[in-house]
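Contents: one structure, followed by commentary.
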Amino acid sequence: MTDSPSVPPRDKSRLPSRHSTVGPERAPHRSFLYAMGLTAREIAQPFVGVVSTWNEAAPCNIALSRQAQAAKRGVTAAGGTPREFTTITVTDGIAMGHEGMKASLVSREVIADSVELSVRGHCYDALVGIAGCDKTLPGLMMAMLRLNVPSVFLYGGSILPGRYRGADVTVLDVFEAVGSHAAGKMTDAELTELEQVACPSAGSCGGQYTANSMAYVSEAIGLALPGSAGTPASFESRDRYAEASGRTVMEMIDRGLRPRDIVTRQALENAAAVVAATGGSTNAALHLPAMANEAGISFDLFDVAAVFKRTPLLADLKPGGRYLAKDVFDIGGVPVVLKALLDGGFLHGDCLTVTGHTLAENLAQVQIPSDQDVVHIATSPLSPTGGLAGMRGNLAPDGAIVKIAGLKRLQFVGRARVFDREEDAFAAVMAGKYESGDVLVIRYEGPRGGPGMREMLATTSAIYGQGMGEDVALITDGRFSGATRGLCIGHVGPEAAVGGPIAVVENGDVIRIDADNGLLELDMDPTTLAERLARWQPRTHDVRSGAIWRYGETVGPARYGAVTHPGARAEVRAYADI
């Protein structure tokens with residue numbers, strides 16, 4: 001590393017790194033730092049953790065190491081000492097449809113925990129976090145809020161669209177092609193051709209699935225630099241945002257600006273609004289309450305759903321719409337979406353951001369291009385309510401969530417077809433053992449019951465690929481991928497494993513779904529339902545040790561984010577104040 005003599009030294013007397021670098025008693029600690037090539041000046045500077053989820057598991061994370069180096073250059077240029085480390089990721093596209101998906105949501109907690117432990121153990125003063133795949137984004141933002149040191153989040157960028165026979169495609173097309181293949185509508189050769197072209201570069205899935213939804217959240221909530229979420233992963237121009245993130249975190253140290261100064265109740269509402277306006281992932285209804293928990297703010301599924309209901313759908317994005325993340329980038333990126341919301345009165349413009357300016361100040365010079373139809377202005381929305389809806393009823397007293405963007409049918413009445421695990425439902429779908437009008441019920445896949453709250457994209461995509469997407473509904477106490485489309489209702493709570501009503505649904509029961517009015521009802525009189533619930537007996541799952549078992553033993557309800565600790569409301573002192 002090199003010194004930054006042009007930057008005056010900063011006072012570390014109130015920074016955490018003083019505990020590991022200052023005073024005669026810390027000579028042994030400094031000897032380790034000298035062993036890594038640091039100079040006396042660098043040891044005297046603030047220490048900035050630069051954490052990424054780089055790995056070789058999937059394209060989502062493969063470009064993050066390069067961006068981490070750029071972030072380190074920014075920290076160094078601004079008079080800080082960057083210390084790079086990495087944490088895990090579980091990539092949903094590869095974990096999907098098998099036992100691996102039980103690890104996905106658990107990984108969000110492991111990411112947040114591991115970053116907390118790395119920062120605490122080494123007494124870092126600030127964080128730059130760079131993430132690519134679905135759970136890595138909320139995981140890093142949760143860690144920033146938990147630690148409450150000056151922090152800047154950076155999305156690693158989306159993948160470029162694939163091209164298949166003249167059309168843009170994403171990995172969702174491949175998942176749905178599995179169903180088409182099973183139904184005899186696609187040959188082996190066609191499936192092979194599609195799978196080889198659908199994902200042509202580094203980056204996260206290109207539709208408004210979970211990664212891009214949470215990337216948009218990072219800008220809307222104020223933890224990321226304006227415009228930083230839009231540039232595709234493979235573009236080296238992303239490095240400018242990475243370097244700027246490193247410089248910005250040093251400015252935050254000087255200002256004393258921390259994540260909990262930024263992430264307020266109003267900022268969380270802004271985050272929910274951008275998800276609704278873009279027809280984003282239902283997983284945001286899980287991650288936003290979890291982030292709120294880290295900040296000590298009450299903001300559950302119903303609070304998220306209230307914002308969804310009052311926010312118009314403005315962006316015509318897949319899976320419910322026509323366009324991809326690259327198309328949003330081409331017209332100006334996430335600031336264009338935020339500007340459309342702000343101009344329509346759907347954002348709190350006075351919320352603070354990592355720039356030190358408010359959201360409205362950041363957006364003051366942003367123009368919404370008129371020669372495009374990717375993002376609409378608020379006076380001519382695609383829909384007057386957002387692309388997602390909260391639900392409640394005797395089948396979901398603690399709520400549920402559904403993506404309605406692009407749906408033609410918002411009401412559905414059908415007979416239950418019940419499965420106690422995803423594999424059984426997928427096998428039935430692939431064998432065509434279901435009928436038009438069925439409501440497929442997949443239970444014991446919640447946070448505790450799975451354990452791990454699996455996503456169901458393999459099953460829902462197979463249904464769509466077979467041409468039955470508008471003819472059946474699906475409900476689960478598990479989750480759906482951001483790429484899921486159709487009348488698919490997730491996060492049904494209380495979950496089956498704790499004796500929620502979904503646990504006592506039987507084959508043939510009539511289920512009434514009204515996504516327009518947010519109702520999910522079992523057509524049954526209260527006495528009969530109460531009698532069934534009284535007879536219910538808990539089930540055991542077959543994960544009896546290890547990280548997933550521990551998660552199942554400690555996790556709370558999906559309504560509150562499926563978190564595993566009490567959060568800042570129980571905190572006596574934040575790490576940043578040690």
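For the structure tokens, the naming scheme is as follows: chains receive sequential letters (A, B, ...) according to their order of presentation, residues are indexed from 1 within each chain, and ligands are indexed from 1 in presentation order.
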Among region 265-495 of chain A, which residues carry a DSSP assignment of helix (DSSP H, G or I), reported as a tab-separated table (two decimals) with N, CA, C and O atoms, in the first residue's frame?
chain	number	residue	atom	x	y	z
A	265	ARG	N	-37.79	5.35	9.30
A	265	ARG	CA	-39.09	4.80	8.87
A	265	ARG	C	-39.45	5.33	7.47
A	265	ARG	O	-39.92	4.59	6.62
A	266	GLN	N	-39.21	6.60	7.25
A	266	GLN	CA	-39.53	7.19	5.94
A	266	GLN	C	-38.66	6.62	4.84
A	266	GLN	O	-39.12	6.39	3.71
A	267	ALA	N	-37.39	6.36	5.14
A	267	ALA	CA	-36.50	5.76	4.14
A	267	ALA	C	-36.94	4.35	3.79
A	267	ALA	O	-36.86	3.93	2.62
A	268	LEU	N	-37.41	3.60	4.78
A	268	LEU	CA	-37.94	2.26	4.52
A	268	LEU	C	-39.18	2.34	3.64
A	268	LEU	O	-39.39	1.50	2.75
A	269	GLU	N	-40.02	3.33	3.85
A	269	GLU	CA	-41.18	3.51	2.98
A	269	GLU	C	-40.74	3.84	1.55
A	269	GLU	O	-41.34	3.37	0.58
A	270	ASN	N	-39.69	4.64	1.40
A	270	ASN	CA	-39.14	4.91	0.07
A	270	ASN	C	-38.67	3.62	-0.60
A	270	ASN	O	-38.87	3.41	-1.80
A	271	ALA	N	-38.04	2.76	0.19
A	271	ALA	CA	-37.55	1.50	-0.34
A	271	ALA	C	-38.70	0.62	-0.81
A	271	ALA	O	-38.64	0.02	-1.89
A	272	ALA	N	-39.75	0.53	0.00
A	272	ALA	CA	-40.92	-0.26	-0.40
A	272	ALA	C	-41.57	0.33	-1.65
A	272	ALA	O	-42.06	-0.41	-2.52
A	273	ALA	N	-41.57	1.65	-1.77
A	273	ALA	CA	-42.19	2.30	-2.92
A	273	ALA	C	-41.47	1.96	-4.21
A	273	ALA	O	-42.12	1.73	-5.25
A	274	VAL	N	-40.14	1.91	-4.20
A	274	VAL	CA	-39.43	1.61	-5.44
A	274	VAL	C	-39.64	0.16	-5.85
A	274	VAL	O	-39.68	-0.17	-7.04
A	275	VAL	N	-39.81	-0.74	-4.88
A	275	VAL	CA	-40.11	-2.14	-5.20
A	275	VAL	C	-41.49	-2.22	-5.85
A	275	VAL	O	-41.67	-2.89	-6.88
A	276	ALA	N	-42.46	-1.54	-5.28
A	276	ALA	CA	-43.82	-1.55	-5.83
A	276	ALA	C	-43.86	-0.95	-7.22
A	276	ALA	O	-44.49	-1.48	-8.14
A	277	ALA	N	-43.16	0.16	-7.41
A	277	ALA	CA	-43.20	0.89	-8.67
A	277	ALA	C	-42.53	0.13	-9.81
A	277	ALA	O	-42.80	0.40	-10.98
A	284	ALA	N	-38.70	-8.70	-1.06
A	284	ALA	CA	-38.49	-7.41	-0.40
A	284	ALA	C	-39.36	-7.29	0.84
A	284	ALA	O	-38.97	-6.62	1.81
A	285	ALA	N	-40.51	-7.95	0.85
A	285	ALA	CA	-41.38	-7.93	2.03
A	285	ALA	C	-40.79	-8.71	3.18
A	285	ALA	O	-41.28	-8.63	4.31
A	286	LEU	N	-39.75	-9.48	2.92
A	286	LEU	CA	-39.01	-10.20	3.96
A	286	LEU	C	-37.77	-9.42	4.37
A	286	LEU	O	-37.44	-9.30	5.55
A	287	HIS	N	-37.08	-8.85	3.37
A	287	HIS	CA	-35.80	-8.20	3.65
A	287	HIS	C	-35.95	-6.82	4.28
A	287	HIS	O	-35.13	-6.43	5.12
A	288	LEU	N	-36.97	-6.05	3.89
A	288	LEU	CA	-37.13	-4.72	4.48
A	288	LEU	C	-37.45	-4.80	5.98
A	288	LEU	O	-36.87	-4.05	6.77
A	289	PRO	N	-38.36	-5.68	6.43
A	289	PRO	CA	-38.53	-5.82	7.88
A	289	PRO	C	-37.26	-6.28	8.59
A	289	PRO	O	-37.01	-5.86	9.73
A	290	ALA	N	-36.47	-7.12	7.93
A	290	ALA	CA	-35.22	-7.57	8.55
A	290	ALA	C	-34.23	-6.42	8.69
A	290	ALA	O	-33.54	-6.29	9.71
A	291	MET	N	-34.15	-5.56	7.68
A	291	MET	CA	-33.29	-4.38	7.77
A	291	MET	C	-33.80	-3.43	8.84
A	291	MET	O	-33.02	-2.86	9.61
A	292	ALA	N	-35.12	-3.27	8.91
A	292	ALA	CA	-35.71	-2.40	9.93
A	292	ALA	C	-35.35	-2.90	11.33
A	292	ALA	O	-35.08	-2.10	12.24
A	293	ASN	N	-35.36	-4.21	11.51
A	293	ASN	CA	-35.01	-4.80	12.80
A	293	ASN	C	-33.61	-4.40	13.23
A	293	ASN	O	-33.37	-4.12	14.41
A	294	GLU	N	-32.70	-4.36	12.27
A	294	GLU	CA	-31.32	-3.98	12.60
A	294	GLU	C	-31.21	-2.51	13.03
A	294	GLU	O	-30.28	-2.13	13.74
A	295	ALA	N	-32.17	-1.70	12.57
A	295	ALA	CA	-32.16	-0.28	12.92
A	295	ALA	C	-33.06	0.03	14.10
A	295	ALA	O	-33.16	1.19	14.52
A	301	LEU	N	-44.48	-6.89	7.52
A	301	LEU	CA	-45.05	-7.17	6.21
A	301	LEU	C	-46.24	-6.27	5.91
A	301	LEU	O	-46.40	-5.80	4.77
A	302	PHE	N	-47.07	-6.00	6.89
A	302	PHE	CA	-48.25	-5.17	6.65
A	302	PHE	C	-47.88	-3.72	6.40
A	302	PHE	O	-48.55	-3.02	5.63
A	303	ASP	N	-46.81	-3.24	7.02
A	303	ASP	CA	-46.33	-1.89	6.74
A	303	ASP	C	-45.80	-1.79	5.32
A	303	ASP	O	-46.04	-0.80	4.61
A	304	VAL	N	-45.07	-2.83	4.90
A	304	VAL	CA	-44.58	-2.87	3.52
A	304	VAL	C	-45.76	-2.90	2.55
A	304	VAL	O	-45.80	-2.16	1.56
A	305	ALA	N	-46.76	-3.74	2.85
A	305	ALA	CA	-47.91	-3.89	1.96
A	305	ALA	C	-48.71	-2.59	1.84
A	305	ALA	O	-49.27	-2.30	0.78
A	306	ALA	N	-48.77	-1.80	2.92
A	306	ALA	CA	-49.49	-0.53	2.86
A	306	ALA	C	-48.84	0.41	1.85
A	306	ALA	O	-49.54	1.13	1.12
A	307	VAL	N	-47.51	0.41	1.79
A	307	VAL	CA	-46.81	1.23	0.80
A	307	VAL	C	-47.05	0.67	-0.60
A	307	VAL	O	-47.28	1.43	-1.56
A	308	PHE	N	-47.01	-0.65	-0.74
A	308	PHE	CA	-47.28	-1.27	-2.03
A	308	PHE	C	-48.64	-0.81	-2.58
A	308	PHE	O	-48.78	-0.52	-3.77
A	309	LYS	N	-49.64	-0.75	-1.71
A	309	LYS	CA	-51.00	-0.45	-2.14
A	309	LYS	C	-51.16	0.98	-2.63
A	309	LYS	O	-51.92	1.26	-3.55
A	310	ARG	N	-50.43	1.91	-2.01
A	310	ARG	CA	-50.60	3.32	-2.37
A	310	ARG	C	-49.63	3.80	-3.46
A	310	ARG	O	-49.69	4.96	-3.87
A	325	ALA	N	-33.20	-4.89	-16.70
A	325	ALA	CA	-32.40	-3.89	-16.00
A	325	ALA	C	-31.54	-3.08	-16.95
A	325	ALA	O	-31.35	-1.87	-16.77
A	326	LYS	N	-31.00	-3.72	-17.97
A	326	LYS	CA	-30.16	-3.00	-18.96
A	326	LYS	C	-30.96	-1.89	-19.64
A	326	LYS	O	-30.42	-0.83	-19.96
A	327	ASP	N	-32.25	-2.10	-19.85
A	327	ASP	CA	-33.08	-1.08	-20.48
A	327	ASP	C	-33.26	0.13	-19.56
A	327	ASP	O	-33.31	1.28	-20.03
A	328	VAL	N	-33.37	-0.11	-18.25
A	328	VAL	CA	-33.45	1.00	-17.30
A	328	VAL	C	-32.13	1.77	-17.31
A	328	VAL	O	-32.12	3.01	-17.31
A	329	PHE	N	-31.02	1.06	-17.32
A	329	PHE	CA	-29.71	1.71	-17.39
A	329	PHE	C	-29.61	2.59	-18.62
A	329	PHE	O	-29.11	3.73	-18.56
A	330	ASP	N	-30.10	2.12	-19.74
A	330	ASP	CA	-29.99	2.86	-21.00
A	330	ASP	C	-30.76	4.18	-20.99
A	330	ASP	O	-30.45	5.09	-21.77
A	334	VAL	N	-31.57	3.94	-12.12
A	334	VAL	CA	-32.51	3.99	-11.01
A	334	VAL	C	-32.96	5.41	-10.68
A	334	VAL	O	-34.13	5.62	-10.31
A	335	PRO	N	-32.09	6.44	-10.81
A	335	PRO	CA	-32.57	7.80	-10.52
A	335	PRO	C	-33.79	8.22	-11.33
A	335	PRO	O	-34.60	9.03	-10.86
A	336	VAL	N	-33.95	7.67	-12.53
A	336	VAL	CA	-35.13	7.99	-13.33
A	336	VAL	C	-36.40	7.45	-12.66
A	336	VAL	O	-37.43	8.14	-12.60
A	337	VAL	N	-36.33	6.23	-12.15
A	337	VAL	CA	-37.47	5.66	-11.44
A	337	VAL	C	-37.78	6.49	-10.19
A	337	VAL	O	-38.94	6.83	-9.91
A	338	LEU	N	-36.75	6.81	-9.44
A	338	LEU	CA	-36.93	7.58	-8.21
A	338	LEU	C	-37.48	8.97	-8.51
A	338	LEU	O	-38.33	9.49	-7.77
A	339	LYS	N	-37.02	9.58	-9.59
A	339	LYS	CA	-37.51	10.90	-9.97
A	339	LYS	C	-39.00	10.85	-10.31
A	339	LYS	O	-39.77	11.73	-9.92
A	340	ALA	N	-39.40	9.81	-11.04
A	340	ALA	CA	-40.82	9.66	-11.38
A	340	ALA	C	-41.67	9.52	-10.12
A	340	ALA	O	-42.76	10.09	-10.01
A	341	LEU	N	-41.17	8.77	-9.15
A	341	LEU	CA	-41.89	8.62	-7.88
A	341	LEU	C	-41.91	9.92	-7.09
A	341	LEU	O	-42.94	10.30	-6.52
A	342	LEU	N	-40.78	10.60	-7.05
A	342	LEU	CA	-40.70	11.86	-6.29
A	342	LEU	C	-41.62	12.91	-6.88
A	342	LEU	O	-42.36	13.59	-6.15
A	343	ASP	N	-41.59	13.04	-8.20
A	343	ASP	CA	-42.45	14.03	-8.86
A	343	ASP	C	-43.93	13.73	-8.62
A	343	ASP	O	-44.75	14.65	-8.57
A	359	LEU	N	-32.46	12.87	-0.54
A	359	LEU	CA	-32.85	12.18	-1.77
A	359	LEU	C	-33.30	13.18	-2.81
A	359	LEU	O	-32.93	13.08	-3.99
A	360	ALA	N	-34.10	14.15	-2.42
A	360	ALA	CA	-34.58	15.16	-3.37
A	360	ALA	C	-33.43	15.97	-3.95
A	360	ALA	O	-33.42	16.29	-5.15
A	361	GLU	N	-32.46	16.30	-3.12
A	361	GLU	CA	-31.30	17.04	-3.62
A	361	GLU	C	-30.51	16.21	-4.62
A	361	GLU	O	-30.04	16.74	-5.65
A	362	ASN	N	-30.36	14.93	-4.35
A	362	ASN	CA	-29.65	14.05	-5.29
A	362	ASN	C	-30.35	13.98	-6.63
A	362	ASN	O	-29.70	13.78	-7.68
A	422	GLU	N	-41.76	-29.20	-1.23
A	422	GLU	CA	-41.70	-28.74	-2.61
A	422	GLU	C	-41.46	-29.87	-3.60
A	422	GLU	O	-42.04	-29.89	-4.69
A	423	GLU	N	-40.61	-30.82	-3.25
A	423	GLU	CA	-40.28	-31.88	-4.20
A	423	GLU	C	-41.52	-32.63	-4.67
A	423	GLU	O	-41.63	-32.98	-5.85
A	424	ASP	N	-42.45	-32.88	-3.77
A	424	ASP	CA	-43.66	-33.61	-4.14
A	424	ASP	C	-44.53	-32.78	-5.09
A	424	ASP	O	-45.12	-33.31	-6.03
A	425	ALA	N	-44.60	-31.48	-4.84
A	425	ALA	CA	-45.37	-30.61	-5.73
A	425	ALA	C	-44.73	-30.55	-7.11
A	425	ALA	O	-45.42	-30.63	-8.14
A	426	PHE	N	-43.41	-30.43	-7.16
A	426	PHE	CA	-42.71	-30.35	-8.45
A	426	PHE	C	-42.90	-31.63	-9.24
A	426	PHE	O	-43.15	-31.60	-10.46
A	427	ALA	N	-42.81	-32.77	-8.56
A	427	ALA	CA	-43.00	-34.05	-9.25
A	427	ALA	C	-44.40	-34.16	-9.83
A	427	ALA	O	-44.59	-34.64	-10.96
A	428	ALA	N	-45.41	-33.69	-9.07
A	428	ALA	CA	-46.78	-33.73	-9.57
A	428	ALA	C	-46.96	-32.83	-10.77
A	428	ALA	O	-47.63	-33.19	-11.75
A	429	VAL	N	-46.34	-31.66	-10.73
A	429	VAL	CA	-46.45	-30.73	-11.86
A	429	VAL	C	-45.77	-31.32	-13.09
A	429	VAL	O	-46.33	-31.29	-14.20
A	430	MET	N	-44.58	-31.85	-12.92
A	430	MET	CA	-43.85	-32.41	-14.07
A	430	MET	C	-44.59	-33.59	-14.67
A	430	MET	O	-44.51	-33.85	-15.88
A	457	LEU	N	-39.30	-21.36	-7.38
A	457	LEU	CA	-39.27	-20.98	-8.80
A	457	LEU	C	-39.33	-22.18	-9.73
A	457	LEU	O	-39.95	-22.12	-10.81
A	458	ALA	N	-38.70	-23.28	-9.36
A	458	ALA	CA	-38.71	-24.45	-10.24
A	458	ALA	C	-40.14	-24.92	-10.49
A	458	ALA	O	-40.53	-25.23	-11.63
A	459	THR	N	-40.93	-24.95	-9.43
A	459	THR	CA	-42.32	-25.42	-9.56
A	459	THR	C	-43.18	-24.42	-10.32
A	459	THR	O	-43.91	-24.79	-11.24
A	460	THR	N	-43.10	-23.14	-9.95
A	460	THR	CA	-43.95	-22.15	-10.62
A	460	THR	C	-43.57	-21.98	-12.08
A	460	THR	O	-44.44	-21.80	-12.94
A	461	SER	N	-42.29	-22.05	-12.38
A	461	SER	CA	-41.85	-21.91	-13.78
A	461	SER	C	-42.30	-23.11	-14.62
A	461	SER	O	-42.68	-22.94	-15.78
A	462	ALA	N	-42.26	-24.30	-14.02
A	462	ALA	CA	-42.72	-25.48	-14.75
A	462	ALA	C	-44.20	-25.36	-15.10
A	462	ALA	O	-44.65	-25.74	-16.19
A	463	ILE	N	-44.98	-24.80	-14.17
A	463	ILE	CA	-46.41	-24.59	-14.44
A	463	ILE	C	-46.59	-23.64	-15.61
A	463	ILE	O	-47.38	-23.89	-16.53
A	464	TYR	N	-45.83	-22.53	-15.61
A	464	TYR	CA	-45.93	-21.57	-16.71
A	464	TYR	C	-45.46	-22.18	-18.02
A	464	TYR	O	-46.07	-21.98	-19.07
A	465	GLY	N	-44.38	-22.94	-17.94
A	465	GLY	CA	-43.86	-23.56	-19.14
A	465	GLY	C	-44.83	-24.55	-19.77
A	465	GLY	O	-44.80	-24.79	-20.98
- Message: Just want the 8 Å neighbourhood of Phe480 (chain A), counted on only C-alpha atoms, with same-chain residues fewer than 3 positions away dropped. Output as a list in words.
- Response: Thr282, Asn283, Arg454, Glu455, Met456, Leu457, Ala483, Thr484, Cys488 and Gly490 of chain A
Would you mind exporting all heavy atoms of the selected residues as a PDB file, in the first residue's frame?
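So selection-v2.pdb came out as:
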ATOM      1  N   THR A 282     -41.207 -10.259  -4.327  1.00  0.00           N
ATOM      2  CA  THR A 282     -41.909 -10.445  -3.054  1.00  0.00           C
ATOM      3  C   THR A 282     -40.930 -10.599  -1.895  1.00  0.00           C
ATOM      4  O   THR A 282     -41.294 -10.354  -0.741  1.00  0.00           O
ATOM      5  CB  THR A 282     -42.824 -11.683  -3.115  1.00  0.00           C
ATOM      6  OG1 THR A 282     -42.050 -12.824  -3.524  1.00  0.00           O
ATOM      7  CG2 THR A 282     -43.968 -11.476  -4.078  1.00  0.00           C
ATOM      8  N   ASN A 283     -39.698 -10.984  -2.180  1.00  0.00           N
ATOM      9  CA  ASN A 283     -38.711 -11.135  -1.112  1.00  0.00           C
ATOM     10  C   ASN A 283     -38.405  -9.821  -0.410  1.00  0.00           C
ATOM     11  O   ASN A 283     -37.920  -9.816   0.721  1.00  0.00           O
ATOM     12  CB  ASN A 283     -37.418 -11.743  -1.658  1.00  0.00           C
ATOM     13  CG  ASN A 283     -37.534 -13.233  -1.882  1.00  0.00           C
ATOM     14  OD1 ASN A 283     -37.894 -13.974  -0.987  1.00  0.00           O
ATOM     15  ND2 ASN A 283     -37.256 -13.675  -3.092  1.00  0.00           N
ATOM     16  N   ARG A 454     -37.683 -22.104   1.656  1.00  0.00           N
ATOM     17  CA  ARG A 454     -37.229 -22.240   0.268  1.00  0.00           C
ATOM     18  C   ARG A 454     -38.050 -21.399  -0.710  1.00  0.00           C
ATOM     19  O   ARG A 454     -39.234 -21.167  -0.508  1.00  0.00           O
ATOM     20  CB  ARG A 454     -37.305 -23.705  -0.173  1.00  0.00           C
ATOM     21  CG  ARG A 454     -36.209 -24.547   0.378  1.00  0.00           C
ATOM     22  CD  ARG A 454     -36.100 -25.859  -0.365  1.00  0.00           C
ATOM     23  NE  ARG A 454     -37.117 -26.821   0.041  1.00  0.00           N
ATOM     24  CZ  ARG A 454     -37.130 -28.088  -0.384  1.00  0.00           C
ATOM     25  NH1 ARG A 454     -36.202 -28.524  -1.237  1.00  0.00           N
ATOM     26  NH2 ARG A 454     -38.059 -28.920   0.023  1.00  0.00           N
ATOM     27  N   GLU A 455     -37.399 -21.006  -1.806  1.00  0.00           N
ATOM     28  CA  GLU A 455     -38.090 -20.435  -2.952  1.00  0.00           C
ATOM     29  C   GLU A 455     -38.627 -21.562  -3.825  1.00  0.00           C
ATOM     30  O   GLU A 455     -38.085 -22.666  -3.832  1.00  0.00           O
ATOM     31  CB  GLU A 455     -37.152 -19.553  -3.773  1.00  0.00           C
ATOM     32  CG  GLU A 455     -36.773 -18.269  -3.071  1.00  0.00           C
ATOM     33  CD  GLU A 455     -35.879 -17.384  -3.921  1.00  0.00           C
ATOM     34  OE1 GLU A 455     -35.505 -17.798  -5.037  1.00  0.00           O
ATOM     35  OE2 GLU A 455     -35.545 -16.279  -3.470  1.00  0.00           O
ATOM     36  N   MET A 456     -39.665 -21.245  -4.612  1.00  0.00           N
ATOM     37  CA  MET A 456     -40.378 -22.270  -5.385  1.00  0.00           C
ATOM     38  C   MET A 456     -40.337 -21.997  -6.888  1.00  0.00           C
ATOM     39  O   MET A 456     -41.259 -22.365  -7.609  1.00  0.00           O
ATOM     40  CB  MET A 456     -41.846 -22.332  -4.937  1.00  0.00           C
ATOM     41  CG  MET A 456     -42.033 -22.438  -3.444  1.00  0.00           C
ATOM     42  SD  MET A 456     -41.576 -24.062  -2.804  1.00  0.00           S
ATOM     43  CE  MET A 456     -41.783 -23.778  -1.048  1.00  0.00           C
ATOM     44  N   LEU A 457     -39.297 -21.359  -7.384  1.00  0.00           N
ATOM     45  CA  LEU A 457     -39.270 -20.984  -8.801  1.00  0.00           C
ATOM     46  C   LEU A 457     -39.326 -22.181  -9.734  1.00  0.00           C
ATOM     47  O   LEU A 457     -39.946 -22.118 -10.805  1.00  0.00           O
ATOM     48  CB  LEU A 457     -38.008 -20.154  -9.098  1.00  0.00           C
ATOM     49  CG  LEU A 457     -37.842 -19.690 -10.548  1.00  0.00           C
ATOM     50  CD1 LEU A 457     -38.989 -18.778 -10.965  1.00  0.00           C
ATOM     51  CD2 LEU A 457     -36.507 -18.982 -10.739  1.00  0.00           C
ATOM     52  N   ALA A 483     -38.286 -13.895  -9.724  1.00  0.00           N
ATOM     53  CA  ALA A 483     -38.626 -14.189 -11.107  1.00  0.00           C
ATOM     54  C   ALA A 483     -39.973 -14.891 -11.255  1.00  0.00           C
ATOM     55  O   ALA A 483     -40.464 -15.061 -12.366  1.00  0.00           O
ATOM     56  CB  ALA A 483     -37.531 -15.063 -11.734  1.00  0.00           C
ATOM     57  N   THR A 484     -40.574 -15.302 -10.142  1.00  0.00           N
ATOM     58  CA  THR A 484     -41.848 -16.008 -10.207  1.00  0.00           C
ATOM     59  C   THR A 484     -42.940 -15.096 -10.763  1.00  0.00           C
ATOM     60  O   THR A 484     -43.016 -13.916 -10.425  1.00  0.00           O
ATOM     61  CB  THR A 484     -42.257 -16.497  -8.807  1.00  0.00           C
ATOM     62  OG1 THR A 484     -41.361 -17.532  -8.405  1.00  0.00           O
ATOM     63  CG2 THR A 484     -43.679 -17.045  -8.796  1.00  0.00           C
ATOM     64  N   CYS A 488     -49.238 -16.582  -7.385  1.00  0.00           N
ATOM     65  CA  CYS A 488     -48.424 -17.367  -6.455  1.00  0.00           C
ATOM     66  C   CYS A 488     -48.252 -16.565  -5.178  1.00  0.00           C
ATOM     67  O   CYS A 488     -47.642 -15.494  -5.186  1.00  0.00           O
ATOM     68  CB  CYS A 488     -47.068 -17.689  -7.075  1.00  0.00           C
ATOM     69  SG  CYS A 488     -47.171 -18.684  -8.581  1.00  0.00           S
ATOM     70  N   GLY A 490     -46.948 -16.215  -1.354  1.00  0.00           N
ATOM     71  CA  GLY A 490     -45.938 -16.726  -0.438  1.00  0.00           C
ATOM     72  C   GLY A 490     -46.008 -16.076   0.928  1.00  0.00           C
ATOM     73  O   GLY A 490     -46.811 -15.179   1.179  1.00  0.00           O
TER      74      GLY A 490
END
- Residues near Gly518 (chain A), cut-off 8 Å, only C-alpha atoms, skip fewer than 4 positions along chain, as an MDAnalysis selection string: chainID A and resid 389:392 514
Write the residues you've just listed into a file as a CSV table (one decimal), in the first residue's frame, and include N, CA and C atoms for each of them.
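Final output, saved to out_13.csv:
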chain,number,residue,atom,x,y,z
A,389,ALA,N,-48.8,-7.1,-3.7
A,389,ALA,CA,-49.9,-6.8,-2.8
A,389,ALA,C,-49.8,-7.7,-1.6
A,390,GLY,N,-50.1,-7.1,-0.4
A,390,GLY,CA,-50.2,-7.9,0.8
A,390,GLY,C,-51.6,-8.6,0.9
A,391,MET,N,-51.6,-9.7,1.6
A,391,MET,CA,-52.9,-10.4,1.8
A,391,MET,C,-53.1,-10.8,3.2
A,392,ARG,N,-54.4,-11.1,3.5
A,392,ARG,CA,-54.7,-11.5,4.9
A,392,ARG,C,-56.0,-12.2,4.9
A,514,ASP,N,-58.4,-13.3,-3.4
A,514,ASP,CA,-58.8,-12.0,-4.0
A,514,ASP,C,-57.6,-11.0,-3.8
- Message: Run DSSP on the backbone and tell me which residues of region 72-155 of chain A come out as strand (DSSP E); list them as a PyMOL selection string.
- Response: chain A and resi 81-86+126-131+151-155
Output C-alpha atoms of each residue in that selection to a file, as a PDB file, in the first residue's frame.
ATOM      1  CA  THR A  81      -6.590   2.274   5.071  1.00  0.00           C
ATOM      2  CA  PRO A  82      -8.720  -0.336   3.286  1.00  0.00           C
ATOM      3  CA  ARG A  83      -8.801  -3.893   4.594  1.00  0.00           C
ATOM      4  CA  GLU A  84     -10.398  -6.299   2.167  1.00  0.00           C
ATOM      5  CA  PHE A  85     -12.292  -9.425   3.165  1.00  0.00           C
ATOM      6  CA  THR A  86     -14.990 -11.599   1.666  1.00  0.00           C
ATOM      7  CA  ALA A 126     -16.228   1.935   8.379  1.00  0.00           C
ATOM      8  CA  LEU A 127     -17.495  -0.365   5.638  1.00  0.00           C
ATOM      9  CA  VAL A 128     -17.838  -0.518   1.887  1.00  0.00           C
ATOM     10  CA  GLY A 129     -19.977  -3.547   1.001  1.00  0.00           C
ATOM     11  CA  ILE A 130     -20.195  -4.966  -2.532  1.00  0.00           C
ATOM     12  CA  ALA A 131     -22.820  -7.615  -3.278  1.00  0.00           C
ATOM     13  CA  SER A 151     -21.034   2.543   5.382  1.00  0.00           C
ATOM     14  CA  VAL A 152     -21.639   2.634   1.643  1.00  0.00           C
ATOM     15  CA  PHE A 153     -23.326  -0.189  -0.223  1.00  0.00           C
ATOM     16  CA  LEU A 154     -22.496  -1.016  -3.850  1.00  0.00           C
ATOM     17  CA  TYR A 155     -24.394  -3.401  -6.092  1.00  0.00           C
TER      18      TYR A 155
END
